[in-house]
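As stored in data21.txt (compact mmCIF, C-alpha atoms):
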```
# COMPACT_ATOMS: atom_id res chain seq x y z
CA MET R 274 26.19 37.39 26.27
CA SER R 275 24.42 37.05 22.94
CA ASN R 276 27.54 35.44 21.49
CA GLN R 277 27.48 32.84 24.23
CA LYS R 278 23.79 32.15 23.50
CA ASN R 279 24.56 31.74 19.81
CA ASN R 280 27.38 29.34 20.60
CA ASP R 281 25.09 27.36 22.91
CA ASN R 282 22.45 27.17 20.17
CA LYS R 283 25.04 26.04 17.65
CA SER R 284 26.40 23.35 19.92
CA ASN R 285 22.83 22.19 20.71
CA LYS R 286 22.05 21.97 17.02
CA LYS R 287 25.26 20.01 16.41
CA GLN R 288 24.34 17.68 19.27
CA ASN R 289 20.83 17.24 17.86
CA THR R 290 22.20 16.33 14.43
CA LYS R 291 24.58 13.85 15.98
CA ASN R 292 21.82 12.29 18.08
CA MET R 293 19.41 12.11 15.15
CA LYS R 294 19.37 8.40 14.45
CA ILE R 295 16.56 7.44 12.16
CA ASN R 296 15.69 3.81 11.72
CA GLU R 297 15.56 3.22 7.98
CA TRP R 298 15.50 -0.56 8.05
CA PRO R 299 11.70 -0.86 7.64
CA ARG R 300 12.01 1.07 4.36
CA HIS R 301 15.01 -0.99 3.31
CA GLY R 302 12.91 -4.08 4.05
CA ILE R 303 10.24 -2.89 1.60
CA GLN R 304 12.91 -2.04 -0.97
CA ALA R 305 14.50 -5.48 -0.60
CA LEU R 306 11.15 -7.26 -0.80
CA TRP R 307 10.26 -5.37 -3.98
CA ALA R 308 13.70 -6.02 -5.47
CA PHE R 309 13.19 -9.72 -4.77
CA ILE R 310 9.65 -9.77 -6.25
CA THR R 311 10.78 -8.07 -9.46
CA ASN R 312 13.88 -10.25 -9.68
CA SER R 313 12.34 -13.54 -8.60
CA HIS R 314 13.54 -15.62 -11.56
CA VAL R 315 16.13 -17.14 -9.26
CA THR R 316 17.11 -19.97 -11.62
CA GLY R 317 18.44 -17.34 -14.02
CA PHE R 318 21.30 -16.64 -11.63
CA VAL R 319 22.34 -20.30 -11.93
CA THR R 320 21.73 -20.97 -15.61
CA GLY R 321 22.77 -17.54 -16.90
CA LYS R 322 19.56 -17.26 -18.91
CA ILE R 323 17.03 -14.46 -18.59
CA TYR R 324 13.29 -14.86 -17.96
CA THR R 325 11.23 -14.98 -21.15
CA GLY R 326 7.70 -15.28 -19.76
CA LYS R 327 4.69 -13.05 -20.42
CA LEU R 328 5.29 -10.89 -17.36
CA LYS R 329 8.00 -9.17 -19.36
CA ASN R 330 5.27 -7.34 -21.26
CA ALA R 331 4.84 -5.20 -18.17
CA CYS R 332 7.19 -2.45 -17.06
CA VAL R 333 8.38 -2.23 -13.48
CA PRO R 334 8.24 1.25 -11.91
CA GLY R 335 11.90 1.39 -10.81
CA LEU R 336 15.21 1.17 -12.64
CA ASN R 337 15.67 -2.59 -13.03
CA CYS R 338 17.56 -3.93 -16.04
CA TYR R 339 15.54 -6.48 -18.02
CA SER R 340 18.72 -8.30 -18.84
CA CYS R 341 19.25 -9.12 -15.18
CA PRO R 342 18.99 -12.93 -14.99
CA GLY R 343 16.39 -12.59 -12.24
CA ALA R 344 14.24 -9.81 -13.77
CA VAL R 345 10.60 -10.71 -14.40
CA GLY R 346 9.56 -7.30 -15.73
CA ALA R 347 10.76 -4.72 -18.26
CA CYS R 348 12.86 -1.67 -17.36
CA PRO R 349 10.79 1.45 -18.22
CA ILE R 350 13.80 3.46 -19.43
CA GLY R 351 15.07 0.59 -21.59
CA SER R 352 11.56 0.01 -22.96
CA LEU R 353 11.11 3.70 -23.71
CA GLN R 354 14.31 3.76 -25.77
CA ALA R 355 13.41 0.47 -27.47
CA VAL R 356 10.05 1.81 -28.71
CA ILE R 357 11.38 5.26 -29.63
CA GLY R 358 14.29 3.64 -31.46
CA SER R 359 12.18 1.08 -33.32
CA TRP R 360 11.67 1.68 -37.03
CA ASN R 361 7.85 1.59 -36.90
CA PHE R 362 7.07 3.54 -33.70
CA LYS R 363 8.56 6.89 -32.87
CA MET R 364 6.32 7.71 -29.91
CA ALA R 365 6.16 5.31 -26.98
CA TYR R 366 2.56 5.74 -25.77
CA TYR R 367 2.54 2.59 -23.65
CA VAL R 368 5.69 3.36 -21.67
CA VAL R 369 5.08 7.11 -21.47
CA GLY R 370 1.51 6.43 -20.32
CA PHE R 371 2.81 4.02 -17.68
CA LEU R 372 5.32 6.57 -16.40
CA ILE R 373 2.72 9.38 -16.35
CA PHE R 374 0.30 7.11 -14.48
CA ILE R 375 2.83 6.07 -11.84
CA GLY R 376 4.34 9.57 -11.57
CA ALA R 377 0.93 11.22 -11.14
CA MET R 378 0.01 8.67 -8.50
CA VAL R 379 3.07 8.71 -6.23
CA GLY R 380 5.85 10.80 -7.83
CA ARG R 381 9.34 9.93 -6.60
CA LEU R 382 8.05 7.61 -3.89
CA ILE R 383 9.18 4.97 -6.39
CA CYS R 384 12.80 6.17 -5.98
CA GLY R 385 12.56 5.92 -2.22
CA PHE R 386 10.81 2.58 -1.96
CA LEU R 387 10.62 0.61 -5.21
CA CYS R 388 13.91 1.06 -7.03
CA PRO R 389 16.46 -1.76 -6.66
CA PHE R 390 19.32 0.49 -7.73
CA GLY R 391 18.22 3.01 -5.12
CA LEU R 392 18.45 0.28 -2.49
CA ILE R 393 21.98 -0.62 -3.62
CA GLN R 394 23.03 3.03 -3.27
CA ASP R 395 21.32 3.31 0.13
CA LEU R 396 23.25 0.31 1.40
CA LEU R 397 26.54 1.50 -0.09
CA ASN R 398 26.11 4.83 1.70
CA LYS R 399 25.91 2.98 5.02
CA ILE R 400 29.56 1.93 4.64
CA PRO R 401 31.47 4.07 7.14
CA PHE R 402 33.86 6.65 5.74
CA PRO R 403 35.70 9.38 7.66
CA LYS R 404 34.39 12.25 5.54
CA LYS R 405 31.02 11.86 3.91
CA ILE R 406 30.05 14.62 1.50
CA ARG R 407 26.63 16.11 2.21
CA THR R 408 26.73 18.82 -0.42
CA PHE R 409 29.30 20.74 -2.46
CA LYS R 410 29.64 23.80 -4.65
CA GLY R 411 27.72 23.24 -7.84
CA ASP R 412 25.50 20.51 -6.33
CA LYS R 413 22.28 22.31 -7.28
CA LEU R 414 23.42 22.91 -10.84
CA LEU R 415 24.65 19.35 -11.26
CA ARG R 416 21.17 18.07 -10.34
CA LYS R 417 19.90 19.48 -13.64
CA LEU R 418 22.17 17.03 -15.45
CA LYS R 419 19.63 14.21 -15.10
CA TYR R 420 17.13 16.20 -17.18
CA VAL R 421 19.75 16.71 -19.90
CA ILE R 422 20.59 12.99 -19.84
CA PHE R 423 16.90 12.13 -20.13
CA ALA R 424 16.41 14.48 -23.08
CA VAL R 425 19.62 13.58 -24.94
CA PHE R 426 20.32 9.90 -24.24
CA VAL R 427 16.79 8.57 -23.71
CA ILE R 428 14.82 10.62 -26.25
CA LEU R 429 16.88 12.50 -28.85
CA LEU R 430 19.69 10.06 -29.65
CA PRO R 431 17.47 6.94 -30.03
CA LEU R 432 15.07 9.04 -32.09
CA PHE R 433 17.52 10.69 -34.48
CA LEU R 434 20.80 8.77 -34.42
CA VAL R 435 19.54 5.77 -36.36
CA ASP R 436 21.00 3.08 -38.62
CA ILE R 437 20.02 2.47 -42.26
CA MET R 438 16.99 0.48 -41.05
CA GLY R 439 15.80 3.54 -39.11
CA GLN R 440 16.52 1.92 -35.74
CA GLY R 441 18.12 3.80 -32.87
CA ALA R 442 20.14 2.15 -30.10
CA PRO R 443 19.24 2.55 -26.41
CA TYR R 444 22.03 5.07 -25.84
CA PHE R 445 21.45 5.57 -22.13
CA CYS R 446 21.67 1.81 -21.52
CA LYS R 447 24.61 1.46 -23.86
CA LEU R 448 26.78 4.32 -22.69
CA ILE R 449 25.76 5.20 -19.15
CA CYS R 450 23.49 2.90 -17.14
CA PRO R 451 25.50 1.35 -14.27
CA ALA R 452 22.39 -0.59 -13.17
CA GLY R 453 22.55 -2.58 -16.41
CA THR R 454 26.21 -3.39 -15.83
CA LEU R 455 25.65 -4.46 -12.24
CA GLU R 456 22.37 -6.34 -12.66
CA GLY R 457 22.84 -7.68 -16.19
CA GLY R 458 26.41 -7.29 -17.40
CA LEU R 459 28.33 -8.78 -14.48
CA PRO R 460 26.17 -11.87 -13.77
CA LEU R 461 25.63 -12.72 -17.45
CA VAL R 462 29.29 -12.40 -18.32
CA LEU R 463 30.27 -14.49 -15.29
CA LEU R 464 27.77 -17.20 -16.21
CA ASN R 465 28.27 -17.32 -20.00
CA LYS R 466 31.58 -18.28 -21.58
CA SER R 467 30.49 -17.12 -25.04
CA MET R 468 29.76 -13.63 -23.75
CA ARG R 469 33.16 -13.38 -22.13
CA SER R 470 34.83 -13.78 -25.51
CA ALA R 471 32.81 -10.85 -26.91
CA LEU R 472 33.92 -8.26 -24.35
CA GLY R 473 35.44 -5.02 -25.57
CA TRP R 474 35.97 -1.34 -24.76
CA LEU R 475 32.27 -0.76 -24.08
CA TYR R 476 32.26 -3.31 -21.28
CA ILE R 477 35.33 -1.70 -19.74
CA TRP R 478 33.78 1.77 -20.05
CA LYS R 479 30.55 0.63 -18.41
CA ASN R 480 32.44 -1.05 -15.59
CA VAL R 481 34.43 2.15 -15.01
CA ILE R 482 31.13 4.03 -14.68
CA LEU R 483 29.86 1.37 -12.28
CA ILE R 484 33.00 1.56 -10.12
CA ILE R 485 32.79 5.38 -10.02
CA THR R 486 29.10 5.13 -9.05
CA ILE R 487 29.89 2.66 -6.27
CA ILE R 488 32.72 4.80 -4.85
CA LEU R 489 30.63 7.97 -5.04
CA SER R 490 27.70 6.20 -3.40
CA ILE R 491 29.85 5.54 -0.34
CA LEU R 492 30.80 9.23 -0.14
CA ILE R 493 27.60 10.93 -1.30
CA TYR R 494 24.02 9.83 -0.71
CA ARG R 495 22.50 8.45 -3.94
CA PRO R 496 24.71 10.25 -6.50
CA PHE R 497 23.13 8.38 -9.41
CA CYS R 498 19.60 9.41 -8.36
CA LYS R 499 20.65 13.01 -7.72
CA TYR R 500 22.60 13.68 -10.89
CA ILE R 501 22.13 10.98 -13.53
CA CYS R 502 18.91 8.96 -13.31
CA PRO R 503 16.51 9.78 -16.19
CA LEU R 504 13.71 7.89 -14.45
CA GLY R 505 14.09 10.03 -11.34
CA ALA R 506 14.14 13.11 -13.59
CA LEU R 507 10.83 12.11 -15.11
CA TYR R 508 9.15 11.22 -11.82
CA SER R 509 10.46 14.43 -10.23
CA VAL R 510 8.28 16.50 -12.56
CA PHE R 511 5.21 14.87 -10.98
CA ASN R 512 6.22 15.40 -7.33
CA PRO R 513 4.39 18.73 -6.93
CA VAL R 514 1.12 17.46 -8.43
CA SER R 515 1.02 13.77 -7.55
CA LEU R 516 -1.87 12.23 -5.66
CA TYR R 517 0.47 11.13 -2.87
CA LYS R 518 1.97 14.22 -1.27
CA TYR R 519 3.94 15.49 1.68
CA ARG R 520 2.48 18.32 3.71
CA VAL R 521 3.83 20.51 6.50
CA ASP R 522 1.35 21.80 9.07
CA LYS R 523 2.53 25.37 9.58
CA ASP R 524 0.67 25.55 12.92
CA LYS R 525 2.56 22.59 14.33
CA CYS R 526 5.92 23.43 12.75
CA ILE R 527 8.36 25.02 15.24
CA LYS R 528 10.97 25.66 12.52
CA CYS R 529 13.65 23.68 14.36
CA GLY R 530 15.22 22.62 11.06
CA LYS R 531 15.51 18.97 12.06
CA CYS R 532 13.65 17.81 8.94
CA ALA R 533 16.04 19.63 6.61
CA LYS R 534 19.03 18.24 8.51
CA ALA R 535 17.66 14.71 8.34
CA CYS R 536 17.09 14.90 4.58
CA GLN R 537 19.87 13.22 2.66
CA MET R 538 18.64 14.60 -0.65
CA ILE R 539 19.22 18.10 0.81
CA VAL R 540 15.61 19.21 0.63
CA ASP R 541 14.00 21.54 3.13
CA PRO R 542 10.42 20.24 3.55
CA VAL R 543 9.32 23.45 5.26
CA GLU R 544 10.35 25.43 2.19
CA ASN R 545 8.99 22.95 -0.35
CA SER R 546 7.44 19.75 0.91
CA ASN R 547 7.05 18.35 -2.61
CA SER R 548 10.37 19.35 -4.08
CA PRO R 549 11.34 17.54 -7.31
CA GLU R 550 14.44 16.30 -5.45
CA CYS R 551 12.45 14.61 -2.66
CA ILE R 552 12.44 10.81 -2.94
CA ARG R 553 9.77 10.54 -0.23
CA CYS R 554 11.84 8.28 2.00
CA GLY R 555 10.12 9.66 5.10
CA ARG R 556 13.23 10.64 7.06
CA CYS R 557 11.92 14.20 7.56
CA LYS R 558 8.65 12.85 8.91
CA LYS R 559 10.49 10.67 11.41
CA ALA R 560 12.79 13.53 12.44
CA CYS R 561 9.98 16.02 13.09
CA PRO R 562 9.53 16.38 16.88
CA THR R 563 5.99 17.82 16.60
CA GLY R 564 4.54 15.57 13.91
CA ALA R 565 4.01 18.53 11.60
CA ILE R 566 4.96 16.57 8.50
CA GLN R 567 2.29 14.34 7.06
CA CYS R 568 2.05 12.35 3.88
CA GLY R 569 -0.62 10.52 1.95
CA ILE R 570 -3.43 11.18 -0.49
CA ARG R 571 -5.68 13.02 1.96
CA LYS R 572 -7.11 16.38 0.91
CA THR R 573 -5.00 19.28 2.16
CA PRO R 574 -6.69 21.23 4.98
CA ASP R 575 -6.83 24.98 4.31
CA ARG R 576 -4.50 25.90 7.16
CA LEU R 577 -1.61 23.84 5.75
CA MET O 82 -7.18 36.05 -5.46
CA ASN O 83 -6.40 34.38 -8.78
CA LYS O 84 -3.08 33.13 -7.38
CA LEU O 85 -4.90 31.57 -4.41
CA LYS O 86 -7.34 29.87 -6.77
CA THR O 87 -4.52 28.52 -8.93
CA SER O 88 -2.59 27.20 -5.93
CA LYS O 89 -5.79 25.57 -4.59
CA ILE O 90 -6.30 23.81 -7.92
CA TRP O 91 -2.69 22.56 -7.97
CA ASN O 92 -2.98 21.39 -4.37
CA SER O 93 -6.17 19.47 -5.08
CA LYS O 94 -6.33 15.88 -6.30
CA TRP O 95 -7.62 16.82 -9.74
CA PRO O 96 -4.36 17.45 -11.63
CA ALA O 97 -3.09 14.04 -10.50
CA VAL O 98 -6.37 12.30 -11.33
CA ILE O 99 -6.46 13.88 -14.79
CA LEU O 100 -2.82 12.95 -15.41
CA MET O 101 -3.50 9.38 -14.30
CA LEU O 102 -6.40 9.20 -16.76
CA VAL O 103 -4.19 10.58 -19.51
CA GLY O 104 -1.55 7.99 -18.61
CA ALA O 105 -4.11 5.18 -18.69
CA CYS O 106 -5.39 6.37 -22.10
CA PHE O 107 -1.83 6.53 -23.45
CA MET O 108 -1.17 3.00 -22.20
CA GLY O 109 -4.36 1.72 -23.82
CA TYR O 110 -3.55 3.43 -27.12
CA GLY O 111 0.03 2.16 -27.05
CA ILE O 112 -1.12 -1.39 -26.43
CA SER O 113 -3.76 -1.13 -29.17
CA ARG O 114 -1.17 -0.16 -31.77
CA GLY O 115 1.17 -2.99 -30.84
CA GLU O 116 3.92 -1.31 -28.81
CA LEU O 117 3.80 -4.11 -26.28
CA ALA O 118 5.41 -6.46 -28.81
CA VAL O 119 8.46 -4.18 -29.09
CA VAL O 120 8.81 -3.99 -25.30
CA PHE O 121 8.35 -7.76 -24.95
CA THR O 122 10.81 -8.64 -27.71
CA LYS O 123 13.42 -6.32 -26.24
CA ALA O 124 12.85 -7.63 -22.70
CA ILE O 125 13.04 -11.36 -23.44
CA ASN O 126 16.28 -11.11 -25.42
CA ILE O 127 19.55 -10.24 -23.74
CA CYS O 128 20.09 -6.54 -24.35
CA MET O 129 23.71 -6.43 -25.52
CA GLU O 130 23.88 -2.65 -25.12
CA CYS O 131 22.61 -2.84 -21.53
CA VAL O 132 25.17 -5.43 -20.44
CA GLY O 133 27.97 -3.56 -22.22
CA ILE O 134 28.78 -5.84 -25.12
CA GLY O 135 27.55 -3.68 -27.94
```
Whole structure given in structure tokens:
Amino acid sequence: MSNQKNNDNKSNKKQNTKNMKINEWPRHGIQALWAFITNSHVTGFVTGKIYTGKLKNACVPGLNCYSCPGAVGACPIGSLQAVIGSWNFKMAYYVVGFLIFIGAMVGRLICGFLCPFGLIQDLLNKIPFPKKIRTFKGDKLLRKLKYVIFAVFVILLPLFLVDIMGQGAPYFCKLICPAGTLEGGLPLVLLNKSMRSALGWLYIWKNVILIITIILSILIYRPFCKYICPLGALYSVFNPVSLYKYRVDKDKCIKCGKCAKACQMIVDPVENSNSPECIRCGRCKKACPTGAIQCGIRKTPDRL
Amino acid sequence: MNKLKTSKIWNSKWPAVILMLVGACFMGYGISRGELAVVFTKAINICMECVGIG
């Protein structure tokens, strides 16, 4: 009897997961609008020249290569490496301050809403494939890799691996960043003959990384954000303390598990509503049948 | 009791507000010592490393 009940519950849960269709297009609309605003130098895509106006003094909050022909702002990770690797500054107060400010305000909401490379991965993951991978053995451990990449490629290498002038290269951009290849490398090389003649092993290597990222993005939800992105790693530290937070009302929560099932970053909001892995996309909030999940900058009531 | 107090402090707005102030101060200090010029120079020139040329 109890076995039958368990089976019924299991099949109900399976049915619920199958029926759980969450409309994400409003969020994708915001992502696309932001991607357009921060890449609005449209003529660059025709002339093959990048924007050189004063707006490039300012960093954008998401991962957006400043060598993209359309980019009107500076990539924070590229800027951070540029300042750390410069001969006269070894601490990047401006960029670090910017990242602390944004992180403390909204945490990884930036990943969910204002990162163009996040949007690209979101859209790639919508491509149908017979067997999508939700999680795998070693997933949790692999998520720590982004912190290692941040420490090694963004901070330590540009700081210590320097040339005779005392300048360090932006090693993350140079050796890893697929966003730079997609947004800057491909369009610039296609539009500039002189650049085509300068291509070498590095360009091939970066394109291999880009192709792997694209394939993995079809199979796994946001693999770059989960395992590689140093910007996501930095913002993730602020998730538990940021002004903008997610909250679960324990009185309203019926522990149905729908929020955890809806989460593509494999976070259980009931367990930790401000997990460092949460990109604050709002899927859990939409999936909750009782409206127990809230978000915003409101003060937390005592019962939560 | 102490744990409850600590968790209340972390759940309040204050840590975020303080961090935002620290961030703003850092930004101001960075701008005052001329870091913006490095960011600007890097951003207005094609970053050969970023595009994969070298």
Neighbour list for Val369 (chain R) as a short mmCIF file (atom, residue, chain, number, x, y, z; two decimals) with C-alpha atoms, in the frame of the given file, cut-off 10 Å, all atoms listed in the file, skip fewer than 6 positions in-chain:
```cif
data_model
loop_
_atom_site.label_atom_id
_atom_site.label_comp_id
_atom_site.auth_asym_id
_atom_site.auth_seq_id
_atom_site.Cartn_x
_atom_site.Cartn_y
_atom_site.Cartn_z
CA PRO R 349 10.79 1.45 -18.22
CA ILE R 350 13.80 3.46 -19.43
CA SER R 352 11.56 0.01 -22.96
CA LEU R 353 11.11 3.70 -23.71
CA ILE R 375 2.83 6.07 -11.84
CA LEU R 507 10.83 12.11 -15.11
CA GLY O 104 -1.55 7.99 -18.61
CA ALA O 105 -4.11 5.18 -18.69
CA PHE O 107 -1.83 6.53 -23.45
CA MET O 108 -1.17 3.00 -22.20
CA GLY O 111 0.03 2.16 -27.05
#
```
For chain R versus chain O, which residues have an atom no more than 6 Å away, and what is each residue's nearest atom pair and distance in Å rounded to one decimal, using all atoms listed in the file, chain-then-number order, as CSV?
```
residue,atom,partner,partner_atom,distance
R:Thr325,CA,O:Ile125,CA,4.7
R:Lys329,CA,O:Phe121,CA,5.8
R:Asn330,CA,O:Phe121,CA,4.8
R:Tyr339,CA,O:Ala124,CA,5.5
R:Ser340,CA,O:Ile127,CA,5.3
R:Ala347,CA,O:Ala124,CA,5.7
R:Ser352,CA,O:Val120,CA,5.4
R:Tyr366,CA,O:Gly111,CA,4.6
R:Tyr367,CA,O:Met108,CA,4.0
R:Gly370,CA,O:Gly104,CA,3.8
R:Phe371,CA,O:Gly104,CA,6.0
R:Ile373,CA,O:Gly104,CA,5.0
R:Phe374,CA,O:Met101,CA,4.4
R:Ala377,CA,O:Ala97,CA,5.0
R:Cys446,CA,O:Cys131,CA,4.7
R:Lys447,CA,O:Glu130,CA,4.4
R:Gly453,CA,O:Cys131,CA,5.1
R:Thr454,CA,O:Val132,CA,5.1
R:Gly457,CA,O:Val132,CA,5.3
R:Gly458,CA,O:Val132,CA,3.8
R:Leu472,CA,O:Ile134,CA,5.7
R:Leu475,CA,O:Gly133,CA,5.5
R:Tyr476,CA,O:Gly133,CA,4.4
R:Val514,CA,O:Ala97,CA,5.8
R:Ser515,CA,O:Ala97,CA,5.1
R:Leu516,CA,O:Ala97,CA,5.3
```
Quote the spacing between CA of Cys529 (chain R) and CA of Lys559 (chain R) in Å to one decimal place.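 About the pair CA of Cys529 (chain R) and CA of Lys559 (chain R): they are 13.7 Å apart.
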Near region 566-571 of chain R, counting all atoms listed in the file, which residues have an atom at most 6 Å away, once you skip same-chain residues fewer than 5 positions from it, shown as a compact mmCIF listing (two decimals) with C-alpha atoms, in the coordinates of the input?
```txt
# COMPACT_ATOMS: atom_id res chain seq x y z
CA LEU R 516 -1.87 12.23 -5.66
CA TYR R 517 0.47 11.13 -2.87
CA LYS R 518 1.97 14.22 -1.27
CA TYR R 519 3.94 15.49 1.68
CA ARG R 520 2.48 18.32 3.71
CA VAL R 521 3.83 20.51 6.50
CA LYS R 558 8.65 12.85 8.91
```
With only C-alpha atoms counted, which protein, DNA or RNA residues have an atom no more than 10 Å from (14.1, 16.1, 5.9) in the file frame? Please answer as a PDB file with C-alpha atoms, in the coordinates of the input.
```
ATOM      1  CA  GLY R 530      15.220  22.620  11.060  1.00  0.00           C
ATOM      2  CA  LYS R 531      15.510  18.970  12.060  1.00  0.00           C
ATOM      3  CA  CYS R 532      13.650  17.810   8.940  1.00  0.00           C
ATOM      4  CA  ALA R 533      16.040  19.630   6.610  1.00  0.00           C
ATOM      5  CA  LYS R 534      19.030  18.240   8.510  1.00  0.00           C
ATOM      6  CA  ALA R 535      17.660  14.710   8.340  1.00  0.00           C
ATOM      7  CA  CYS R 536      17.090  14.900   4.580  1.00  0.00           C
ATOM      8  CA  GLN R 537      19.870  13.220   2.660  1.00  0.00           C
ATOM      9  CA  MET R 538      18.640  14.600  -0.650  1.00  0.00           C
ATOM     10  CA  ILE R 539      19.220  18.100   0.810  1.00  0.00           C
ATOM     11  CA  VAL R 540      15.610  19.210   0.630  1.00  0.00           C
ATOM     12  CA  ASP R 541      14.000  21.540   3.130  1.00  0.00           C
ATOM     13  CA  PRO R 542      10.420  20.240   3.550  1.00  0.00           C
ATOM     14  CA  VAL R 543       9.320  23.450   5.260  1.00  0.00           C
ATOM     15  CA  SER R 546       7.440  19.750   0.910  1.00  0.00           C
ATOM     16  CA  CYS R 551      12.450  14.610  -2.660  1.00  0.00           C
ATOM     17  CA  ARG R 553       9.770  10.540  -0.230  1.00  0.00           C
ATOM     18  CA  CYS R 554      11.840   8.280   2.000  1.00  0.00           C
ATOM     19  CA  GLY R 555      10.120   9.660   5.100  1.00  0.00           C
ATOM     20  CA  ARG R 556      13.230  10.640   7.060  1.00  0.00           C
ATOM     21  CA  CYS R 557      11.920  14.200   7.560  1.00  0.00           C
ATOM     22  CA  LYS R 558       8.650  12.850   8.910  1.00  0.00           C
ATOM     23  CA  LYS R 559      10.490  10.670  11.410  1.00  0.00           C
ATOM     24  CA  ALA R 560      12.790  13.530  12.440  1.00  0.00           C
ATOM     25  CA  CYS R 561       9.980  16.020  13.090  1.00  0.00           C
ATOM     26  CA  ILE R 566       4.960  16.570   8.500  1.00  0.00           C
TER      27      ILE R 566
END
```
Tell me, in Å to one decimal, how far CA of Ser313 (chain R) is from CA of Leu455 (chain R).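 Value for the CA of Ser313 (chain R)-CA of Leu455 (chain R) distance: 16.5 Å.
For the choices R:Leu432, R:Leu306, R:Pro451, R:Phe386, the atom-to-atom distance to Gln354 (chain R) is smallest for R:Leu432 when using only C-alpha atoms.
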Between CA of Gly326 (chain R) and CA of Ile310 (chain R), what distance in Å does the model show, to one decimal? 14.7 Å
Determine the nearest neighbour of Ser490 (chain R) from the options R:Ala452, R:Ile527, R:Cys338, R:Ile406, counting only C-alpha atoms.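 For Ser490 (chain R), the nearest of the given residues is R:Ile406.
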Please return as a list in words every residue within 8 Å of (29.7, 6.0, 0.4), taking into account all atoms listed in the file and the file's own coordinates. Leu397, Asn398, Lys399, Ile400, Pro401, Phe402, Lys405, Ile487, Ile488, Leu489, Ser490, Ile491, Leu492, Ile493 and Tyr494 of chain R
Excluding region 502-505 of chain R and any residue of its chain fewer than 4 positions from it, enumerate the residues within 10 Å of it, using only C-alpha atoms, and give them as JSON, numbers by chain. {"R": [334, 335, 336, 349, 350, 372, 376, 380, 381, 382, 383, 384, 388, 416, 418, 419, 420, 421, 422, 423, 424, 426, 427, 445, 449, 450, 496, 497, 498, 509, 510, 549, 550, 551, 552]}
